[in-house]
Every structure is written in C-alpha cells, then in structure tokens.
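A.B. asks: Submitted below is the structure of interest, expressed as structure tokens.
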Amino acid sequence: MIRRKRPAAPGTERFADAPLDGSLLEIDDVKTQFQTERGLVHAVDGVSFSLERGKTIGIVGESGCGKSVLSRSIMGLLPSNVVRHGSIRFEGHEIGSATGNQMRPYWGTQMAMVFQDPMTSLNPVMRIGNQITESLRVHFDVTKEYAEETALSLLTSVGIPEAERRLREYPHQLSGGMRQRVMIAIALACGPKLLFADEPTTALDVTVQAQILDLLKQQQQERYMAMVLVTHDLGVVAGRTDDIAVMYAGRIVERAPTRSLFEQTRHPYTEALLKSIPKLAMPSHSRLDAIAGRPPDLVKVPPGCKFAARCPYAQPKCLTDEPPLIDPDVPGHSYRCFFPVGSQAGADALGRNLAAGETATGLPVRKEGEAVLTGVAV
Amino acid sequence: MAGTGTAHLRAPDETLLRVEDLVVEFKAGRSGLRVHAVSNISLDVKEGETLGLVGESGCGKSTTGKAIMQLPPPTAGQVMFQGRDLTHLSGEELRRTRTAMKMIFQDPISSLNPRRKVEDIIGEGLRVWKVGSKDEQAAKVDEMMLAVGLDPALQRGRRPHQFSGGQCQRISIARAVVTDPKLIICDEPVSALDVSVQAQILNLLEDMKTRYGLTLMFIAHDLAVVKNVSDRVIVMYLGKICEVGSPDVIYERPAHPYTRVLLDAIPVPDPSIRPETRAKVIGEIPSPVAPPSGCRFRTRCPKAQAKCADEEPKIAEVQPGQFVACHFPLAPGETLPTRNGSGPVAG
C-alpha cells in the first residue's frame, strides 16, 4: 500500500510515474464460462484487444452477447461458478487468474467501475460522504479531514450542487442522475487509470443521460484515463469513443475506429444493428429492417459463423467454418466475415441469396429487400 | 410547457377518444402533500390514427394512459370514448364499454400469468365474453398466434417462461387484439427489448394496426421510436403538454424549447454529429409534488423570462397543425446554447 501524507488532487498524480502512452490493458484470447445445470455457458469466447492510456473503447452488443461479462472478467468481479481462460495484462502485470484478494490493490486505484443501476450499487444506509472517502482511506494513509476535503471537491467536480450538504445525505435523498454522479465520484476517488462504465445511463432519462455521458467524457479527458464504455446503444458510443468493438455470442465480430465502423461497416451484424434502430431523421411510419431470429444459445454454440442463422449474406461456408478476426483491407479495422458488407464477395453472396430467395441457412430474403439491404444510408 | 388549453383538439365527431382537462393527483404518503402527476391535459385521437405520447419519466405519460382506462379513474376531467364519458360509468357499464379498449404493458414477462398456457392467456377475453363456441375460440386464438408470428401447433400449450421477451410481447399483442378492440394503449411496449427485437415488434404493431383497423395510443420515452409509429405526437413535461403536432413537423422544427432540448439529448448513431455542438441540458426535472409556478419547464429553460414564472402559457397554433404551449416559442432556425458554450446566452 502506498503511504503518503498528502497526495495531490486525486487522479492527477497516480500516473506521474508511468509513461503517458503505450498499452495500458492487453487481453488475449479471454474465455469466460459459467458452470450451470444446463451445461457450460460460453459467455465470453476468445476475446482479444488492447487499450492505450487515455483512450476510450466502446463495447456494443445486445443483451447476452457477453459485453458485461467481459468487463467484469477484466475487473475480476465474477461469481464462483466461473471458468476463466486467457491472459489479461494491466500495465504488464498478468491479472487473468488473480483472486479477489490479489485484485484488491487494483480496484479503485488502478481500475474502477460505474454500474448501471445507481440505486442498488450504492449502500443505502451509509452517507454519501463516507461512501466516497471509504476507498481513499483504505488505499491511502490520509487523514479524515483530508479525505472529506477530497470528497467535497470530487462531488463538486461531478456537478453536484450544494456538495457540502449532500455529503451528509443518504442515497435515497438523491435523484437517479445525482446518484449516478455520486457513483462516478466514488469510481474516480482514487484516480484510476482505467474506468469501466457498464451501461452507465441505461436507467436514466434521456436529458440526464446526455449530462452523465458529457461528465464521463470530461473527467476521462481531464484525468487522462482510459475508459471502457459498455452499452447496447450505438448512439451512445458514436460521439464519445475512439474505437468500438461490436460483440455477438461472446466474440468480437467487428472492431474499428469509431468513424470507420459507422462509415465503412463490414460485418453484416453491425450493419443489421444500425439498420434496425429507428432514427430521428427517418420519416414516420418507415418500415424498420428488423433482424430475424434470435442470438444462439451460449450452451450449445453452433459451428461456423455465429451470426449465420440471421445473416442475409450467409453462404454454405459460413455454416462450417468460423471466420477469423482479421483486418485485411484497412489496418485497425478488423472483422469476422467471409463475405463482408461493401466488398465484391459480400455483394455476390447477397445476390446469390436474393436470387435463391433464401440464404444457406434457409433464412428467407425477399427481393424487395434488395434496395434496403444494399442501401448505404445508415 | 406547461400549458393548458384545448386549441389542439379537433371536432368531437371526428374523434374516437377525447380527453378534456384530465387531472390525476395522488396523495404523497401521510404528509398531506399531493403529487401532481397530470395537470389539465386535453388530447384526442381520431379513428385509425396513432397518437404518440412522449416525455421523460415523471412527465405523466403513463398515468395519462392509465387514467383513460380508468385505472384508477382520474381526479378530474372527462374521458369521452365513442361518445360516452367513461368517468361517469358504473362498474358493469364501464366493464362492457372497456372491452373496446386494451392495454399493452412495458414488461412483457411480468404482464403474463406464468402459470397459464399461451392459448389460455390469449383466449381469456373470448371466454369471459363468451364469444363463439369453444372451437371458434380455439380457431381465433390460432389465427391470432399466426398473425403475431407464433406457431400455434407448436407453441399453443407452452407457458410464458418458455418464450423470449420479444415473443412474450407478441403474446401480449395477440391477447390485446383477440377481442377486436377499437383502441389499444401501448405503454412503453418496446423499451424492455433489444434493438433488433424492438424493430420486429414495431413492425408487427404497424401490421396489426392495418390488418385489424386499430387506433393506437403509443406511450414511450424514446422519441425516435415514437416518431416511427405515430401520426401525431404530444410532448409532455411534468404533467403538462408542451407541444402537439405531426412528428415530421415537430421533430424538424420544434417550437418548444423543451422539445429541442429533448431531441438534442438523444444519442445519434452517427459519429459526425458531435455531442458538444448540441443543445445544453440544464438541471433535472423538478418534483411533481411542488411543480414550478407558471410554465413548469421554466426552471430548465434557456429562454425563461419573468413572465414564464407568473403566467402559465396556453396551447396555441404556431403554424397549421403545430401547437405549442410557450410564451416564447422558438422561431424556425433559432438555436439554443450548446454544451461547449457557443450560441446565444441564456436570457
């Protein structure tokens, strides 16, 4: 444990000893499985990526795609029926198989998490002030007065009016948005280098969501933190991340710099997700391009491409071979697909399926869908 | 916002449902205070139309929907449905009249009885009202299941836990439509669903509306979803109406500052639209126990003036088909202060 009498403002001094660039987090072939009565659930199945200091990555996918399990795997916050494989390196230290006790020095000071539901993740019988100072006093040898001063400045910096009074209040006295601000203050208290925000605004109203997302971005930039933003909403990550990883059935199916992902979408799942969202710019009563079917059962994962059963581009090859995650066209834009969107192979595959009226998996594709399926508007 | 008035209502003979001066208040514990959930709202729905009711939590949109169904009856106001005022009907009369109105709820799983089979859930209304023989009822249930995309032969005897959230919402829709209602009030029917499933359900609602000649009231907090299904949209804030109009008009040229702020708060799946250049959101929604005087949005409005605290704005037409309750409506092209500080300064 680091002993210091009077640390500088939280979050400003912790990285002073470390280089300001380079990889902060490297994860390689991480697999997280859960033992259940039905069998082994392959929640995360071979995910690799690295994250540099001060960068933000968005992890996007529908419920059950493994995005939350992935961030909890990195934090080491998993239930006891878990089976873990793969390597997770944080600043070069391997933490992939660390126990809770071994992770303790990391939590708060190195990495912290903001959870979805601010009501259930705050302690209802503890004053706000004590919840913020708790980790400061555990990790650093600071006086009570100093910890309280810090809590006050943290609460002010996350935009809570009358911070001094709020310190002595309990969570139920605060609104949902204010509680999420408190959660953020707690996560930031010990100046982590990496912040996980797991659906941080899903429980909040849209105007409050905008405020909280702006706050997260501002704090992330001021503190030069790396951030993992986990969400099901492609709109949330579009304006606020450097990179995006789209997950499906426990795997990353497409990973690219944010602009590239939206402008040169390669994976049919990403394309389908983007098309299924109703957009403000569309006239009312526009027919939505829904994705047929459901994600696969993670206990009995089918061979081949996991999205094949719902994919309008699917060919016989997709049913037997799983495409690797590679970046053949643009460095940094990787995807798992043999017949990517926007390529000749993809256009041919779609053309064959439209001519046949169905894909290799028997999914019907309609002729009138042609204009929609090949349309560029997103 | 905060407006009252009936300027946006259409002729009573054109409408299927007409609600005037609806007030819903609840007691706030034993404090003697009252929660002003809905305060003097008027609205109407034409036959075959979809009315979207949109706003943040606490704006009274769900309470409005339930008060129309008399669940519970409103504190004050009139609910005219097919020419009858529901608030004055007795229990049995209300029960009969209400067969023409149905509701679809947000959480598809908890709104279905877990111990009953799907065929019984869908067919219950037919049995209660003794519509046709047993065989006719079974045939009707099968027809409904097919219409919502379920396989009767395979799934008729299953129970709700054997279905996904999207499928449960399909069952809810089948249950609502089976007794041939006129009006269906959908209370956040897709907000618990994943985006891909949400699109399936929205498309299904549109199909069912056309096929069975339904009139819909669609309550949701997602403006894009509401725009997609609605012919007319009402934007609500803290128990009052802000703006009424066709979604294509009010989303393009919002006249109420709140509509603008709400639209700009939505995260757009387009990285070229920078969040910092969009309208700034001030503060949080006040408590409905002690709502602000005058215009209820004034505490968060960048255009608020002294008049907004003293006088409640009335709903008025700003251009054909667009109604707004604001003393200082936005001119076309007028912008609000942005999050990075550019634009006009708050007055």
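Residue numbering restarts at 1 in every chain; chains get A, B, ... in the order shown in the structure tokens, and ligands count up from 1 in that same order.
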Looking only at the backbone, which of the residues in range 8-156 of chain B does DSSP tag as strand (DSSP E or B), as a ChimeraX atom specification?

C.D. replies: /B:15-28,33-46,50-54,76-81,84-85,101-104

A.B. asks: Hey, list the chain A side of the contact with chain B: 10 Å cut-off, only C-alpha atoms, answer as number ranges by chain.

C.D. replies: A: 61-63, 159, 161, 175-178, 204-211, 213-214, 232-241, 258-263, 272-294, 378

A.B. asks: At a cut-off of 6 Å, using only C-alpha atoms, what residues contact range 220-227 of chain A? Leave out same-chain residues fewer than 4 positions from it and give the result as a PyMOL selection string.

C.D. replies: chain A and resi 53-56+193-196+216

A.B. asks: Could you give me, as a ChimeraX atom specification, the residues within 12 Å of Ala331 in chain B, counting only C-alpha atoms and dropping anything in the same chain fewer than 5 positions from it?

C.D. replies: /B:253-257,260,318-319,324,326,336

A.B. asks: Extract, using only C-alpha atoms, all DNA, RNA and protein residues at most 8 Å from Ile244 in chain A, discarding same-chain residues fewer than 4 positions from it, and format them as a PyMOL selection string.

C.D. replies: chain A and resi 57-60+237+255-258+261

A.B. asks: Could you write out, as a list in words, all the residues of range 288-359 of chain A that DSSP marks as alpha helix (DSSP H)?

C.D. replies: Pro316, Lys317, Cys318, Leu319, Thr320, Gln344, Ala345, Gly346, Ala347, Asp348, Ala349, Leu350, Gly351, Arg352, Asn353, Leu354, Ala355 and Ala356 of chain A

A.B. asks: Would you list the contacts of range 22-36 of chain B as a list of chain:residue names, taking every protein, DNA or RNA residue within 9 Å and counting only C-alpha atoms, but skipping same-chain residues closer than 3 positions in sequence?

C.D. replies: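 Near neighbours after the sequence-gap exclusion: B:Val19, B:Ser39, B:Asn40, B:Ile41, B:Ser42, B:Leu43, B:Gly60, B:Thr63, B:Thr64, B:Ala67, B:Ile68, B:Pro73, B:Pro74, B:Thr75, B:Ala76, B:Gly77, B:Gln78, B:Val79, B:Leu238, B:Gly239, B:Ser287, B:Pro288, B:Val289, B:Ala290, B:Pro291.
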
A.B. asks: Need the shell around Glu148 in chain A: protein/DNA/RNA residues with any atom at most 9 Å away, counting only C-alpha atoms. Skip same-chain ones fewer than 2 positions apart. Format as a list of chain:residue names?

C.D. replies: A:Gly129, A:Asn130, A:Ile132, A:Thr133, A:Thr143, A:Lys144, A:Glu145, A:Tyr146, A:Thr150, A:Ala151, A:Leu152, A:Ser153, A:Leu167

A.B. asks: Quick one: pull the distance between CA of Gln219 in chain A and CA of Cys301 in chain B, Å, one decimal.

C.D. replies: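 These two atoms are separated by 25.8 Å.
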
A.B. asks: Which of these residues is nearest to Val118 in chain B, using only C-alpha atoms: B:Val190, B:Leu216, B:Cys168, B:Ala100?

C.D. replies: B:Cys168
